[in-house]
file my_file22.cif (mmCIF, C-alpha atoms)
data_my_file
loop_
_atom_site.group_PDB
_atom_site.id
_atom_site.type_symbol
_atom_site.label_atom_id
_atom_site.label_comp_id
_atom_site.auth_asym_id
_atom_site.auth_seq_id
_atom_site.Cartn_x
_atom_site.Cartn_y
_atom_site.Cartn_z
ATOM 1 C CA ARG A 611 3.516 -9.674 -18.927
ATOM 2 C CA PRO A 612 5.878 -8.845 -16.053
ATOM 3 C CA VAL A 613 4.873 -6.129 -13.580
ATOM 4 C CA LEU A 614 7.399 -4.537 -11.214
ATOM 5 C CA ILE A 615 6.448 -3.688 -7.646
ATOM 6 C CA GLY A 616 8.343 -2.592 -4.532
ATOM 7 C CA LYS A 617 8.867 -5.204 -1.811
ATOM 8 C CA ARG A 618 6.949 -3.337 0.890
ATOM 9 C CA TYR A 619 4.006 -2.683 -1.432
ATOM 10 C CA LEU A 620 3.975 -6.344 -2.451
ATOM 11 C CA GLU A 621 3.765 -7.340 1.209
ATOM 12 C CA GLN A 622 0.818 -4.982 1.676
ATOM 13 C CA ALA A 623 -0.929 -6.528 -1.339
ATOM 14 C CA ARG A 624 -0.296 -10.036 -0.004
ATOM 15 C CA LYS A 625 -1.807 -9.143 3.369
ATOM 16 C CA ARG A 626 -4.933 -7.715 1.742
ATOM 17 C CA LEU A 627 -5.273 -10.833 -0.419
ATOM 18 C CA ALA A 628 -4.762 -13.105 2.596
ATOM 19 C CA VAL A 629 -7.603 -11.376 4.458
ATOM 20 C CA GLN A 630 -9.911 -11.761 1.471
ATOM 21 C CA LEU A 631 -9.007 -15.434 1.018
ATOM 22 C CA ALA A 632 -9.461 -16.122 4.722
ATOM 23 C CA ARG A 633 -12.979 -14.716 4.640
ATOM 24 C CA ILE A 634 -13.916 -16.852 1.647
ATOM 25 C CA GLY A 635 -12.124 -19.943 2.972
ATOM 26 C CA ARG A 636 -14.078 -20.115 6.219
ATOM 27 C CA SER A 637 -16.774 -22.144 4.490
ATOM 28 C CA MET A 638 -14.298 -24.706 3.091
ATOM 29 C CA GLU A 639 -13.400 -27.999 4.740
ATOM 30 C CA ASN A 640 -9.783 -27.942 3.509
ATOM 31 C CA PRO A 641 -8.840 -24.410 2.371
ATOM 32 C CA ASP A 642 -5.033 -24.822 2.468
ATOM 33 C CA ALA A 643 -4.631 -26.037 -1.131
ATOM 34 C CA TRP A 644 -7.076 -23.383 -2.306
ATOM 35 C CA PHE A 645 -5.055 -20.670 -0.541
ATOM 36 C CA GLU A 646 -1.871 -21.932 -2.220
ATOM 37 C CA ASP A 647 -3.459 -21.917 -5.673
ATOM 38 C CA ASN A 648 -4.686 -18.337 -5.224
ATOM 39 C CA ALA A 649 -1.361 -16.943 -3.977
ATOM 40 C CA LEU A 650 0.288 -14.509 -6.393
ATOM 41 C CA VAL A 651 3.288 -15.683 -8.400
ATOM 42 C CA THR A 652 6.267 -13.419 -7.660
ATOM 43 C CA SER A 653 10.022 -13.483 -8.188
ATOM 44 C CA ASP A 654 12.983 -11.398 -7.082
ATOM 45 C CA PHE A 655 14.586 -8.868 -9.401
ATOM 46 C CA ILE A 656 17.029 -6.561 -7.647
ATOM 47 C CA ALA A 657 17.309 -4.776 -4.286
ATOM 48 C CA ASP A 658 13.743 -4.009 -3.091
ATOM 49 C CA VAL A 659 12.117 -4.641 -6.486
ATOM 50 C CA ARG A 660 9.975 -7.715 -7.124
ATOM 51 C CA ILE A 661 8.217 -9.069 -10.228
ATOM 52 C CA MET A 662 4.554 -10.049 -10.510
ATOM 53 C CA TYR A 663 2.887 -11.324 -13.673
ATOM 54 C CA ALA A 664 -0.319 -10.134 -15.312
ATOM 55 C CA LEU A 665 -2.671 -11.266 -18.051
ATOM 56 C CA GLU A 666 -3.941 -8.406 -20.198
ATOM 57 C CA PHE A 667 -7.629 -8.315 -21.120
ATOM 58 C CA LYS A 668 -9.730 -5.571 -22.664
ATOM 59 C CA GLU A 669 -11.427 -5.157 -19.289
ATOM 60 C CA GLY A 670 -8.078 -4.799 -17.496
ATOM 61 C CA ALA A 671 -5.204 -6.850 -16.101
ATOM 62 C CA GLN A 672 -5.447 -9.966 -13.921
ATOM 63 C CA LEU A 673 -2.485 -10.985 -11.768
ATOM 64 C CA VAL A 674 -1.246 -14.545 -12.238
ATOM 65 C CA SER A 675 -1.708 -16.980 -9.351
ATOM 66 C CA TYR A 676 0.094 -20.274 -8.687
ATOM 67 C CA GLY A 677 -3.060 -22.168 -9.648
ATOM 68 C CA MET A 678 -3.172 -20.433 -13.027
ATOM 69 C CA MET A 679 0.520 -21.069 -13.646
ATOM 70 C CA LYS A 680 0.196 -24.768 -12.789
ATOM 71 C CA SER A 681 -2.853 -25.155 -15.039
ATOM 72 C CA TRP A 682 -0.689 -23.973 -17.955
ATOM 73 C CA GLY A 683 1.960 -26.593 -17.170
ATOM 74 C CA MET A 684 4.543 -23.911 -16.369
ATOM 75 C CA ASP A 685 7.071 -23.275 -13.638
ATOM 76 C CA ILE A 686 8.196 -19.777 -12.667
ATOM 77 C CA ASP A 687 11.182 -19.752 -15.049
ATOM 78 C CA ARG A 688 9.033 -20.615 -18.074
ATOM 79 C CA LEU A 689 6.416 -18.088 -16.986
ATOM 80 C CA HIS A 690 9.080 -15.385 -16.680
ATOM 81 C CA GLN A 691 10.567 -16.074 -20.105
ATOM 82 C CA ARG A 692 7.117 -16.097 -21.732
ATOM 83 C CA ALA A 693 6.245 -12.803 -20.021
ATOM 84 C CA LEU A 694 9.464 -11.167 -21.261
ATOM 85 C CA ALA A 695 8.810 -12.388 -24.799
ATOM 86 C CA ASN A 696 5.259 -11.036 -24.680
ATOM 87 C CA LEU A 697 6.460 -7.655 -23.386
ATOM 88 C CA ASP A 698 9.139 -7.366 -26.059
ATOM 89 C CA ARG A 699 6.787 -8.451 -28.826
ATOM 90 C CA ALA A 700 4.094 -5.975 -27.744
ATOM 91 C CA HIS A 701 6.335 -2.945 -27.254
ATOM 92 C CA GLY A 702 9.655 -3.613 -28.986
ATOM 93 C CA GLU A 703 12.175 -0.797 -29.054
ATOM 94 C CA ILE A 704 12.160 1.419 -25.972
ATOM 95 C CA ALA A 705 10.970 4.934 -26.813
ATOM 96 C CA VAL A 706 12.732 7.626 -24.781
ATOM 97 C CA LYS A 707 12.646 11.411 -24.727
ATOM 98 C CA GLN A 708 14.667 14.144 -23.081
ATOM 99 C CA VAL A 709 13.172 16.224 -20.289
ATOM 100 C CA GLY A 710 12.715 19.731 -21.685
ATOM 101 C CA LYS A 711 14.342 21.820 -18.945
ATOM 102 C CA LEU A 712 16.850 19.101 -18.041
ATOM 103 C CA PRO A 713 18.226 17.819 -21.371
ATOM 104 C CA TRP A 714 20.642 15.483 -19.594
ATOM 105 C CA LEU A 715 17.661 13.586 -18.150
ATOM 106 C CA TYR A 716 15.593 11.037 -20.100
ATOM 107 C CA VAL A 717 12.270 9.307 -19.513
ATOM 108 C CA ILE A 718 10.586 6.309 -21.113
ATOM 109 C CA GLU A 719 7.799 7.662 -23.256
ATOM 110 C CA THR A 720 4.747 5.429 -22.790
ATOM 111 C CA GLU A 721 1.348 5.361 -21.132
ATOM 112 C CA ASP A 722 0.737 1.613 -21.280
ATOM 113 C CA GLY A 723 1.481 0.897 -17.611
ATOM 114 C CA TYR A 724 4.660 -1.068 -18.376
ATOM 115 C CA ALA A 725 7.336 1.626 -18.293
ATOM 116 C CA ALA A 726 9.225 0.064 -15.370
ATOM 117 C CA SER A 727 8.750 -3.443 -16.769
ATOM 118 C CA ARG A 728 10.871 -2.471 -19.773
ATOM 119 C CA ILE A 729 13.900 -2.454 -17.468
ATOM 120 C CA LEU A 730 13.749 -6.254 -17.683
ATOM 121 C CA LEU A 731 14.431 -6.096 -21.448
ATOM 122 C CA HIS A 732 18.172 -5.904 -20.926
ATOM 123 C CA TRP A 733 19.052 -6.344 -24.597
ATOM 124 C CA ARG A 734 16.982 -3.277 -25.472
ATOM 125 C CA TRP A 735 19.004 -1.192 -23.020
ATOM 126 C CA ALA A 736 22.199 -2.447 -24.641
ATOM 127 C CA GLU A 737 20.918 -0.798 -27.834
ATOM 128 C CA LEU A 738 20.329 2.466 -25.950
ATOM 129 C CA THR A 739 23.877 2.510 -24.593
ATOM 130 C CA LEU A 740 25.160 2.696 -28.171
ATOM 131 C CA LYS A 741 23.410 6.065 -28.469
ATOM 132 C CA LEU A 742 23.727 7.477 -24.948
ATOM 133 C CA GLY A 743 26.848 5.881 -23.487
ATOM 134 C CA ASP A 744 27.680 2.856 -21.372
ATOM 135 C CA SER A 745 27.079 4.455 -17.969
ATOM 136 C CA LEU A 746 23.318 4.732 -17.529
ATOM 137 C CA ILE A 747 21.986 5.528 -14.061
ATOM 138 C CA LEU A 748 18.264 4.884 -13.697
ATOM 139 C CA GLY A 749 15.373 5.242 -11.293
ATOM 140 C CA MET A 750 11.996 3.472 -11.455
ATOM 141 C CA PRO A 751 9.919 5.241 -8.812
ATOM 142 C CA THR A 752 6.594 3.906 -10.153
ATOM 143 C CA ARG A 753 5.374 1.428 -12.731
ATOM 144 C CA ASP A 754 4.605 4.322 -15.067
ATOM 145 C CA VAL A 755 7.716 6.479 -14.574
ATOM 146 C CA VAL A 756 11.329 5.622 -15.462
ATOM 147 C CA VAL A 757 13.992 8.352 -15.419
ATOM 148 C CA PHE A 758 17.649 7.924 -16.305
ATOM 149 C CA THR A 759 20.792 9.748 -17.305
ATOM 150 C CA ALA A 760 24.201 9.192 -18.848
ATOM 151 C CA ALA A 761 25.516 12.306 -17.072
ATOM 152 C CA LEU A 762 27.660 11.334 -14.102
ATOM 153 C CA GLU A 763 28.253 14.684 -12.382
ATOM 154 C CA PRO A 764 27.409 14.358 -8.657
ATOM 155 C CA GLU A 765 24.940 17.257 -8.719
ATOM 156 C CA LYS A 766 22.998 15.689 -11.587
ATOM 157 C CA ILE A 767 22.924 12.300 -9.898
ATOM 158 C CA GLY A 768 21.665 14.110 -6.809
ATOM 159 C CA GLN A 769 18.873 15.717 -8.839
ATOM 160 C CA LEU A 770 17.971 12.344 -10.298
ATOM 161 C CA ARG A 771 17.785 10.808 -6.821
ATOM 162 C CA GLU A 772 15.592 13.640 -5.523
ATOM 163 C CA THR A 773 13.262 13.237 -8.515
ATOM 164 C CA VAL A 774 12.913 9.507 -7.924
ATOM 165 C CA VAL A 775 12.153 9.924 -4.217
ATOM 166 C CA THR A 776 9.560 12.640 -4.873
ATOM 167 C CA VAL A 777 7.752 10.695 -7.605
ATOM 168 C CA GLU A 778 7.731 7.465 -5.579
ATOM 169 C CA ARG A 779 6.275 9.263 -2.582
ATOM 170 C CA HIS A 780 3.514 11.172 -4.349
ATOM 171 C CA GLN A 781 2.409 9.145 -7.386
ATOM 172 C CA GLY A 782 0.519 5.870 -7.591
ATOM 173 C CA ARG A 783 1.789 2.326 -8.223
ATOM 174 C CA PRO A 784 5.193 2.852 -6.517
ATOM 175 C CA VAL A 785 8.207 0.634 -7.108
ATOM 176 C CA SER A 786 11.490 1.898 -5.584
ATOM 177 C CA ARG A 787 13.372 4.971 -4.370
ATOM 178 C CA LYS A 788 16.736 3.416 -5.231
ATOM 179 C CA LEU A 789 18.961 4.108 -8.244
ATOM 180 C CA PHE A 790 20.348 1.428 -10.549
ATOM 181 C CA GLN A 791 23.248 1.221 -12.987
ATOM 182 C CA TRP A 792 23.193 -0.608 -16.316
ATOM 183 C CA THR A 793 26.094 -2.986 -16.994
ATOM 184 C CA PRO A 794 26.554 -5.590 -19.749
ATOM 185 C CA GLN A 795 25.994 -8.294 -17.110
ATOM 186 C CA GLY A 796 22.745 -6.837 -15.735
ATOM 187 C CA TRP A 797 21.355 -4.026 -13.618
ATOM 188 C CA GLN A 798 23.169 -3.222 -10.388
ATOM 189 C CA GLU A 799 22.038 -1.172 -7.440
ATOM 190 C CA PHE A 800 23.889 2.159 -7.621
ATOM 191 C CA ASP A 801 25.389 3.352 -4.354
ATOM 192 C CA GLY A 802 27.113 6.438 -5.776
ATOM 193 C CA THR A 803 30.237 4.678 -7.051
ATOM 194 C CA LEU A 804 30.390 3.605 -10.682
ATOM 195 C CA ASN A 805 31.145 -0.064 -11.352
ATOM 196 C CA GLN A 806 30.952 -0.913 -7.654
ATOM 197 C CA PRO A 807 27.869 -3.139 -7.549
ATOM 198 C CA VAL A 808 25.868 -3.559 -4.361
ATOM 199 C CA GLN A 809 23.715 -6.279 -5.884
ATOM 200 C CA GLN A 810 23.112 -7.688 -9.339
ATOM 201 C CA GLY A 811 19.696 -8.557 -10.766
ATOM 202 C CA GLY A 812 19.234 -12.278 -11.203
ATOM 203 C CA GLU A 813 16.892 -14.826 -12.683
ATOM 204 C CA PRO A 814 13.541 -15.507 -11.031
ATOM 205 C CA GLY A 815 13.776 -17.725 -7.989
ATOM 206 C CA GLN A 816 17.446 -16.897 -7.348
ATOM 207 C CA GLN A 817 17.833 -14.887 -4.166
ATOM 208 C CA GLN A 818 20.351 -12.092 -4.523
ATOM 209 C CA GLY A 819 22.371 -11.102 -1.483
ATOM 210 C CA GLY A 820 20.569 -8.604 0.734
ATOM 211 C CA ALA A 821 17.254 -8.636 -1.183
#
call {"tool": "encode", "arguments": {"input": "my_file22.cif", "output": "structure tokens"}}
result
Amino acid sequence: RPVLIGKRYLEQARKRLAVQLARIGRSMENPDAWFEDNALVTSDFIADVRIMYALEFKEGAQLVSYGMMKSWGMDIDRLHQRALANLDRAHGEIAVKQVGKLPWLYVIETEDGYAASRILLHWRWAELTLKLGDSLILGMPTRDVVVFTAALEPEKIGQLRETVVTVERHQGRPVSRKLFQWTPQGWQEFDGTLNQPVQQGGEPGQQQGGA
């Protein structure tokens, strides 16, 4: 399944993994290929958000490495499409609820660790727009927290932004402090102006401007 992570946190994870691999690789005659096989598979999504991939076991999740992906006869595009299909099949329709004291604000209601990953299921968000309206502004501060609104008043967008920043700073498994806007073509980074995209989410392996 796909797992979203912020760019700076991904870099930290890569550095920790590199140190671990270097320690183990000291005893190898030719560790370069082994390092490559154990590197994590990642792809770009939008702005400072990246995608990793995880296998789910009863004991927990294991992140997918290049060696694992190659052993399955897959490239990153096939891996991404399989991960999306698995996520959609496992969780289906996105369950949302209103925040009690802020009824204009919604959250994804789940405790499975894949709240932010559901943002990749673009067709599911198209279904939500039929109920809530076309202009959805969303934040994904952590993997477990997604908050969004169809209310476009500046003060409410400001509250949403403050909420996202606070949650990202103080809760675990952070993703991004940025806001994003849903469009029929894909998610766009929201800079405060509706329908004025800064950057559009693309397919894995395609670098988007400024990412």
call {"tool": "resolve_selection", "arguments": {"input": "my_file22.cif", "expression": "the PyMOL selection byres ((chain A and resi 761) around 12)", "output": "list in words"}}
result
Leu712, Pro713, Trp714, Leu715, Tyr716, Leu742, Gly743, Asp744, Ser745, Leu746, Ile747, Leu748, Phe758, Thr759, Ala760, Leu762, Glu763, Pro764, Glu765, Lys766, Ile767, Gly768, Gln769, Leu770 and Leu804 of chain A
call {"tool": "closest_residue", "arguments": {"input": "my_file22.cif", "among": "A:Leu731, A:Ala736, A:Ala657, A:Ala695", "to": "Glu799 of chain A", "atoms": "all atoms listed in the file"}}
result
A:Ala657
call {"tool": "atom_distance", "arguments": {"input": "my_file22.cif", "atom1": "atom CA of Phe790 of chain A", "atom2": "atom CA of Gly749 of chain A"}}
result
6.3 Å
call {"tool": "residues_around", "arguments": {"input": "my_file22.cif", "residues": "Lys741 of chain A", "least_positions_apart": "6", "cutoff": "12 Å", "atoms": "only C-alpha atoms", "output": "list in words"}}
result
Val706, Arg734, Trp735 and Ala760 of chain A
call {"tool": "resolve_selection", "arguments": {"input": "my_file22.cif", "expression": "the PyMOL selection byres ((chain A and resi 682-694) around 9)", "output": "ChimeraX atom specification"}}
result
/A:611-612,651-653,663-664,677-681,695-699,727-728,730-731,813-815
call {"tool": "residues_near_point", "arguments": {"input": "my_file22.cif", "point": "(12.9, 6.8, -7.2)", "cutoff": "7 Å", "atoms": "only C-alpha atoms", "output": "PyMOL selection string"}}
result
chain A and resi 749-751+771+773-775+777-778+786-789
call {"tool": "write_last_selection", "arguments": {"input": "my_file22.cif", "atoms": "C-alpha atoms", "output": "PDB file, in the frame of the given file"}}
result
ATOM      1  CA  GLY A 749      15.373   5.242 -11.293  1.00  0.00           C
ATOM      2  CA  MET A 750      11.996   3.472 -11.455  1.00  0.00           C
ATOM      3  CA  PRO A 751       9.919   5.241  -8.812  1.00  0.00           C
ATOM      4  CA  ARG A 771      17.785  10.808  -6.821  1.00  0.00           C
ATOM      5  CA  THR A 773      13.262  13.237  -8.515  1.00  0.00           C
ATOM      6  CA  VAL A 774      12.913   9.507  -7.924  1.00  0.00           C
ATOM      7  CA  VAL A 775      12.153   9.924  -4.217  1.00  0.00           C
ATOM      8  CA  VAL A 777       7.752  10.695  -7.605  1.00  0.00           C
ATOM      9  CA  GLU A 778       7.731   7.465  -5.579  1.00  0.00           C
ATOM     10  CA  SER A 786      11.490   1.898  -5.584  1.00  0.00           C
ATOM     11  CA  ARG A 787      13.372   4.971  -4.370  1.00  0.00           C
ATOM     12  CA  LYS A 788      16.736   3.416  -5.231  1.00  0.00           C
ATOM     13  CA  LEU A 789      18.961   4.108  -8.244  1.00  0.00           C
TER      14      LEU A 789
END
call {"tool": "atom_distance", "arguments": {"input": "my_file22.cif", "atom1": "atom CA of Val755 of chain A", "atom2": "atom CA of Arg626 of chain A"}}
result
25.1 Å
call {"tool": "atom_distance", "arguments": {"input": "my_file22.cif", "atom1": "atom CA of Gly702 of chain A", "atom2": "atom CA of Phe667 of chain A"}}
result
19.6 Å
call {"tool": "closest_residue", "arguments": {"input": "my_file22.cif", "among": "A:Val757, A:Met662, A:Ala671, A:Leu738", "to": "Gly723 of chain A", "atoms": "only C-alpha atoms"}}
result
A:Ala671
call {"tool": "resolve_selection", "arguments": {"input": "my_file22.cif", "expression": "the PyMOL selection byres ((chain A and resi 783) around 12)", "output": "list in words"}}
result
Val613, Leu614, Ile615, Gly616, Arg618, Tyr619, Leu620, Ala623, Gly723, Tyr724, Ala725, Ala726, Met750, Pro751, Thr752, Arg753, Asp754, Val755, Val777, Glu778, Arg779, His780, Gln781, Gly782, Pro784, Val785 and Ser786 of chain A
call {"tool": "closest_residue", "arguments": {"input": "my_file22.cif", "among": "A:Gln708, A:Gln798, A:Thr720, A:Thr803", "to": "Ile656 of chain A", "atoms": "only C-alpha atoms"}}
result
A:Gln798
call {"tool": "closest_residue", "arguments": {"input": "my_file22.cif", "among": "A:His732, A:Thr776, A:Lys625, A:Glu703", "to": "Thr793 of chain A", "atoms": "only C-alpha atoms"}}
result
A:His732
call {"tool": "closest_residue", "arguments": {"input": "my_file22.cif", "among": "A:Ala700, A:Trp733, A:Lys617, A:Gln795", "to": "Asp654 of chain A", "atoms": "all atoms listed in the file"}}
result
A:Lys617
call {"tool": "closest_residue", "arguments": {"input": "my_file22.cif", "among": "A:Leu650, A:Val659, A:Leu673, A:Val756", "to": "Val709 of chain A", "atoms": "all atoms listed in the file"}}
result
A:Val756
